[in-house]
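Chemist: Sharing structure-v9.cif here; it has mmCIF, C-alpha atoms, pLDDT in the B column; chains and numbers go by the auth columns.
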data_coords
loop_
_atom_site.group_PDB
_atom_site.id
_atom_site.type_symbol
_atom_site.label_atom_id
_atom_site.label_comp_id
_atom_site.label_asym_id
_atom_site.label_seq_id
_atom_site.Cartn_x
_atom_site.Cartn_y
_atom_site.Cartn_z
_atom_site.B_iso_or_equiv
_atom_site.auth_seq_id
_atom_site.auth_asym_id
ATOM 1 C CA MET A 1 0.000 0.000 0.000 53.00 110 A
ATOM 2 C CA GLY A 2 1.329 3.415 -0.855 74.00 111 A
ATOM 3 C CA GLY A 3 2.744 5.648 1.831 81.00 112 A
ATOM 4 C CA GLN A 4 0.429 8.492 0.850 87.00 113 A
ATOM 5 C CA ALA A 5 -2.640 6.256 1.264 84.00 114 A
ATOM 6 C CA LEU A 6 -1.438 5.147 4.710 83.00 115 A
ATOM 7 C CA GLU A 7 -0.853 8.741 5.749 87.00 116 A
ATOM 8 C CA THR A 8 -4.310 9.764 4.515 90.00 117 A
ATOM 9 C CA MET A 9 -5.920 6.928 6.498 86.00 118 A
ATOM 10 C CA LYS A 10 -4.009 7.959 9.617 86.00 119 A
ATOM 11 C CA ILE A 11 -5.200 11.558 9.238 91.00 120 A
ATOM 12 C CA LEU A 12 -8.803 10.502 8.629 91.00 121 A
ATOM 13 C CA ALA A 13 -8.737 8.132 11.611 88.00 122 A
ATOM 14 C CA SER A 14 -7.445 10.957 13.832 89.00 123 A
ATOM 15 C CA GLN A 15 -10.498 12.974 12.705 93.00 124 A
ATOM 16 C CA ASP A 16 -12.806 10.132 13.863 90.00 125 A
ATOM 17 C CA TYR A 17 -13.514 8.773 10.394 90.00 126 A
ATOM 18 C CA LYS A 18 -14.100 5.026 10.378 88.00 127 A
ATOM 19 C CA ILE A 19 -11.844 2.994 8.104 87.00 128 A
ATOM 20 C CA GLY A 20 -13.103 -0.194 6.425 87.00 129 A
ATOM 21 C CA HIS A 21 -10.909 -2.700 4.644 84.00 130 A
ATOM 22 C CA ILE A 22 -11.746 -5.898 2.746 82.00 131 A
ATOM 23 C CA VAL A 23 -9.248 -8.308 4.251 81.00 132 A
ATOM 24 C CA ASP A 24 -8.716 -10.712 1.357 76.00 133 A
ATOM 25 C CA GLY A 25 -8.003 -8.046 -1.231 71.00 134 A
ATOM 26 C CA PRO A 26 -9.281 -7.728 -4.773 73.00 135 A
ATOM 27 C CA GLN A 27 -7.894 -11.077 -5.971 77.00 136 A
ATOM 28 C CA GLY A 28 -7.949 -13.418 -2.997 76.00 137 A
ATOM 29 C CA PRO A 29 -7.534 -16.084 -2.044 82.00 138 A
ATOM 30 C CA PHE A 30 -10.848 -16.113 -0.201 80.00 139 A
ATOM 31 C CA GLY A 31 -10.551 -15.468 3.523 80.00 140 A
ATOM 32 C CA ALA A 32 -6.790 -14.905 3.540 85.00 141 A
ATOM 33 C CA VAL A 33 -6.025 -11.750 5.499 89.00 142 A
ATOM 34 C CA LYS A 34 -3.575 -9.651 3.515 88.00 143 A
ATOM 35 C CA PRO A 35 -0.752 -7.703 5.192 89.00 144 A
ATOM 36 C CA GLY A 36 -2.352 -4.352 4.304 87.00 145 A
ATOM 37 C CA LEU A 37 -4.939 -4.648 7.063 90.00 146 A
ATOM 38 C CA ILE A 38 -2.301 -5.190 9.732 92.00 147 A
ATOM 39 C CA ARG A 39 -0.097 -2.390 8.322 90.00 148 A
ATOM 40 C CA ILE A 40 -2.982 0.079 8.362 90.00 149 A
ATOM 41 C CA ALA A 41 -3.887 -0.771 11.960 92.00 150 A
ATOM 42 C CA GLN A 42 -0.241 -0.656 13.012 91.00 151 A
ATOM 43 C CA TYR A 43 0.620 2.615 11.276 89.00 152 A
ATOM 44 C CA ALA A 44 -2.582 4.497 12.127 88.00 153 A
ATOM 45 C CA GLN A 45 -2.746 2.980 15.632 89.00 154 A
ATOM 46 C CA LEU A 46 -6.215 1.590 15.000 91.00 155 A
ATOM 47 C CA THR A 47 -7.992 -1.391 16.507 93.00 156 A
ATOM 48 C CA ILE A 48 -9.255 -4.063 14.117 95.00 157 A
ATOM 49 C CA VAL A 49 -12.942 -4.899 14.581 95.00 158 A
ATOM 50 C CA PRO A 50 -13.865 -8.018 12.585 94.00 159 A
ATOM 51 C CA VAL A 51 -17.240 -7.757 10.822 94.00 160 A
ATOM 52 C CA ILE A 52 -18.945 -10.526 8.878 92.00 161 A
ATOM 53 C CA MET A 53 -22.307 -11.067 7.201 92.00 162 A
ATOM 54 C CA SER A 54 -24.215 -14.312 6.927 93.00 163 A
ATOM 55 C CA GLY A 55 -27.501 -14.785 5.117 94.00 164 A
ATOM 56 C CA GLN A 56 -30.152 -17.459 5.217 93.00 165 A
ATOM 57 C CA ASN A 57 -30.977 -17.584 1.490 93.00 166 A
ATOM 58 C CA LEU A 58 -28.245 -16.356 -0.817 93.00 167 A
ATOM 59 C CA TRP A 59 -27.213 -16.220 -4.403 94.00 168 A
ATOM 60 C CA ALA A 60 -23.553 -17.225 -4.531 89.00 169 A
ATOM 61 C CA PHE A 61 -21.485 -16.172 -7.516 88.00 170 A
ATOM 62 C CA ASN A 62 -19.001 -18.589 -9.048 86.00 171 A
ATOM 63 C CA SER A 63 -16.006 -16.339 -8.360 83.00 172 A
ATOM 64 C CA TRP A 64 -12.818 -16.551 -6.300 80.00 173 A
ATOM 65 C CA ASP A 65 -14.453 -14.658 -3.422 79.00 174 A
ATOM 66 C CA ARG A 66 -17.753 -16.587 -3.536 80.00 175 A
ATOM 67 C CA PHE A 67 -19.527 -13.214 -3.592 85.00 176 A
ATOM 68 C CA MET A 68 -22.994 -13.590 -2.067 88.00 177 A
ATOM 69 C CA VAL A 69 -26.160 -11.546 -2.340 93.00 178 A
ATOM 70 C CA PRO A 70 -29.124 -12.188 -0.033 94.00 179 A
ATOM 71 C CA LYS A 71 -32.304 -13.126 -1.861 96.00 180 A
ATOM 72 C CA PRO A 72 -35.321 -10.853 -1.306 96.00 181 A
ATOM 73 C CA PHE A 73 -36.881 -11.204 2.161 95.00 182 A
ATOM 74 C CA SER A 74 -33.947 -13.285 3.454 94.00 183 A
ATOM 75 C CA ARG A 75 -32.813 -12.910 7.017 96.00 184 A
ATOM 76 C CA VAL A 76 -29.285 -11.615 7.463 96.00 185 A
ATOM 77 C CA ILE A 77 -26.937 -11.492 10.437 96.00 186 A
ATOM 78 C CA ILE A 78 -24.240 -8.845 10.601 96.00 187 A
ATOM 79 C CA ARG A 79 -21.848 -9.745 13.366 95.00 188 A
ATOM 80 C CA PHE A 80 -19.005 -7.863 15.008 96.00 189 A
ATOM 81 C CA GLY A 81 -16.160 -9.722 16.666 95.00 190 A
ATOM 82 C CA SER A 82 -14.154 -8.573 19.652 96.00 191 A
ATOM 83 C CA PRO A 83 -11.711 -5.738 18.951 96.00 192 A
ATOM 84 C CA ILE A 84 -8.172 -6.814 18.122 97.00 193 A
ATOM 85 C CA HIS A 85 -5.420 -4.488 19.276 96.00 194 A
ATOM 86 C CA VAL A 86 -2.360 -4.261 17.044 94.00 195 A
ATOM 87 C CA SER A 87 0.974 -3.295 18.546 93.00 196 A
ATOM 88 C CA ARG A 88 2.895 -0.635 16.688 89.00 197 A
ATOM 89 C CA ASP A 89 6.151 -2.324 17.648 90.00 198 A
ATOM 90 C CA MET A 90 6.128 -5.953 16.570 90.00 199 A
ATOM 91 C CA GLY A 91 8.723 -7.793 14.591 90.00 200 A
ATOM 92 C CA LYS A 92 8.239 -9.831 11.447 91.00 201 A
ATOM 93 C CA GLU A 93 7.230 -12.884 13.491 93.00 202 A
ATOM 94 C CA GLY A 94 4.713 -10.890 15.519 94.00 203 A
ATOM 95 C CA PHE A 95 3.306 -9.414 12.313 95.00 204 A
ATOM 96 C CA GLY A 96 2.762 -12.897 10.847 95.00 205 A
ATOM 97 C CA GLN A 97 1.183 -14.098 14.085 96.00 206 A
ATOM 98 C CA MET A 98 -1.204 -11.141 14.065 96.00 207 A
ATOM 99 C CA GLN A 99 -2.154 -11.855 10.457 95.00 208 A
ATOM 100 C CA ALA A 100 -2.842 -15.514 11.353 95.00 209 A
ATOM 101 C CA HIS A 101 -4.815 -14.473 14.448 96.00 210 A
ATOM 102 C CA VAL A 102 -7.097 -12.146 12.462 95.00 211 A
ATOM 103 C CA THR A 103 -7.590 -14.848 9.797 94.00 212 A
ATOM 104 C CA GLN A 104 -8.521 -17.446 12.414 95.00 213 A
ATOM 105 C CA THR A 105 -10.829 -15.020 14.232 96.00 214 A
ATOM 106 C CA LEU A 106 -12.748 -14.314 11.014 94.00 215 A
ATOM 107 C CA LYS A 107 -13.000 -18.021 10.120 93.00 216 A
ATOM 108 C CA GLN A 108 -14.401 -18.820 13.566 96.00 217 A
ATOM 109 C CA LEU A 109 -16.850 -15.928 13.382 95.00 218 A
ATOM 110 C CA TYR A 110 -18.091 -17.085 9.958 93.00 219 A
ATOM 111 C CA ALA A 111 -18.394 -20.735 11.052 95.00 220 A
ATOM 112 C CA ASP A 112 -20.274 -19.885 14.238 96.00 221 A
ATOM 113 C CA THR A 113 -22.602 -17.430 12.507 95.00 222 A
ATOM 114 C CA ASP A 114 -23.313 -19.701 9.527 94.00 223 A
ATOM 115 C CA ALA A 115 -24.207 -22.482 11.992 96.00 224 A
ATOM 116 C CA VAL A 116 -27.042 -20.319 13.356 96.00 225 A
ATOM 117 C CA TRP A 117 -29.184 -21.131 10.301 96.00 226 A
ATOM 118 C CA GLN A 118 -29.288 -24.815 11.364 96.00 227 A
ATOM 119 C CA ASP A 119 -30.036 -24.138 15.050 96.00 228 A
ATOM 120 C CA GLU A 120 -33.686 -23.366 15.835 96.00 229 A
ATOM 121 C CA VAL A 121 -32.915 -22.244 19.407 97.00 230 A
ATOM 122 C CA ARG A 122 -30.356 -19.675 18.288 96.00 231 A
ATOM 123 C CA LEU A 123 -32.629 -18.516 15.461 95.00 232 A
ATOM 124 C CA ARG A 124 -35.411 -17.806 17.960 96.00 233 A
ATOM 125 C CA GLU A 125 -32.955 -16.003 20.259 95.00 234 A
ATOM 126 C CA ILE A 126 -31.836 -13.733 17.435 94.00 235 A
ATOM 127 C CA PHE A 127 -35.003 -13.215 15.415 93.00 236 A
ATOM 128 C CA GLY A 128 -37.686 -13.845 18.029 89.00 237 A
#
Can I see the file as C-alpha cells?

Modeler:
Amino acid sequence: MGGQALETMKILASQDYKIGHIVDGPQGPFGAVKPGLIRIAQYAQLTIVPVIMSGQNLWAFNSWDRFMVPKPFSRVIIRFGSPIHVSRDMGKEGFGQMQAHVTQTLKQLYADTDAVWQDEVRLREIFG
C-alpha cells in the first residue's frame, strides 16, 4: 500500500472517520487476510474490529471470493467480533502471528454465525 494512502488513512482516523478494509483483497484467495490490514492498523494505531455477514438464502457467484447476495426477504446477520489491538512495535514474526490471528478469528466468526441457520434455538434467540 502506498505511503500516501497510509498517511491519509491515519489523518482521517485521527479525525474520527471510520476505516473499512476488505481483508482478502481484490484477488484473494478467499478469507486470507492480507498484510495491508495489519499495516494500516499498526501505522494508524487503530484497533481491528472483525465484521462478517451471513444470510439465510443467498445467491452465490461462481467467483474466487464466492460473492454472495441475499435473496429478497432473506434474514441476514451482521456480526461484530471482539476488537483486536495491534501493537505498533512488533517484529516480522509478531506481524505474521497477528495476520494468522485475524484470519482465524474471522474463520471462527463465519463458522459460528453460519451455523445459526441450522439451530432453531439460536434462530429464535436472534429473530424472536

Chemist: To one decimal in Å, tell me the separation between atom CA of A:Leu155 and atom CA of A:Gln136.

Modeler: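 Answer for the atom CA of A:Leu155 to atom CA of A:Gln136 separation: 24.6 Å.
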
Chemist: Using the chain letters and numbering of this document, enumerate as a PyMOL selection string the residues selected by the PyMOL selection byres ((chain A and resi 127) around 12).

Modeler: chain A and resi 118-126+128-130+150+153+155-158

Chemist: Residue by residue, what does the PyMOL selection byres ((chain A and resi 218) around 12) grab here? Present the result as number ranges by chain.

Modeler: A: 140, 158-163, 186-191, 211-217, 219-225

Chemist: At what distance in Å, to one decimal, does atom CA of A:Ile149 lie from atom CA of A:Thr117?

Modeler: 10.5 Å

Chemist: Between A:Asp133, A:Gly145, A:Val178, A:Arg184, which residue has the minimum interatomic distance to A:Leu232, considering all atoms listed in the file?

Modeler: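 That would be A:Arg184, the residue with the smallest distance to A:Leu232.
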
Chemist: Between atom CA of A:His210 and atom CA of A:Ala141, measure the distance and give it in Å to one decimal.

Modeler: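 Those two atoms sit 11.1 Å apart.
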
Chemist: Closest to A:Trp226 among A:Asn166, A:Gln208, A:Trp173, A:Gly111, using only C-alpha atoms?

Modeler: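 Ranked by minimum distance to A:Trp226, first place goes to A:Asn166.
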
Chemist: I would like the residues chosen by the PyMOL selection byres ((chain A and resi 132) around 7) on the shown file; could you give them as a JSON list (two decimals) with C-alpha atoms, in the coordinates of the input?

Modeler:
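Output file selection24.json follows:
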[["chain", "number", "residue", "atom", "x", "y", "z"],
["A", 130, "HIS", "CA", -10.91, -2.70, 4.64],
["A", 131, "ILE", "CA", -11.75, -5.90, 2.75],
["A", 133, "ASP", "CA", -8.72, -10.71, 1.36],
["A", 134, "GLY", "CA", -8.00, -8.05, -1.23],
["A", 142, "VAL", "CA", -6.02, -11.75, 5.50],
["A", 143, "LYS", "CA", -3.58, -9.65, 3.52],
["A", 146, "LEU", "CA", -4.94, -4.65, 7.06]]

Chemist: Considering only C-alpha atoms, state which residue in the set A:Gly164, A:Gln113, A:Ile193, A:Gln227 is at the smallest distance from A:Pro179.

Modeler: A:Gly164

Chemist: From the options A:Trp168, A:Gln151, A:Pro144, A:Leu115, which residue's atoms come nearest to A:Met199, counting only C-alpha atoms?

Modeler: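 Residue with the minimum atom-to-atom distance to A:Met199: A:Gln151.
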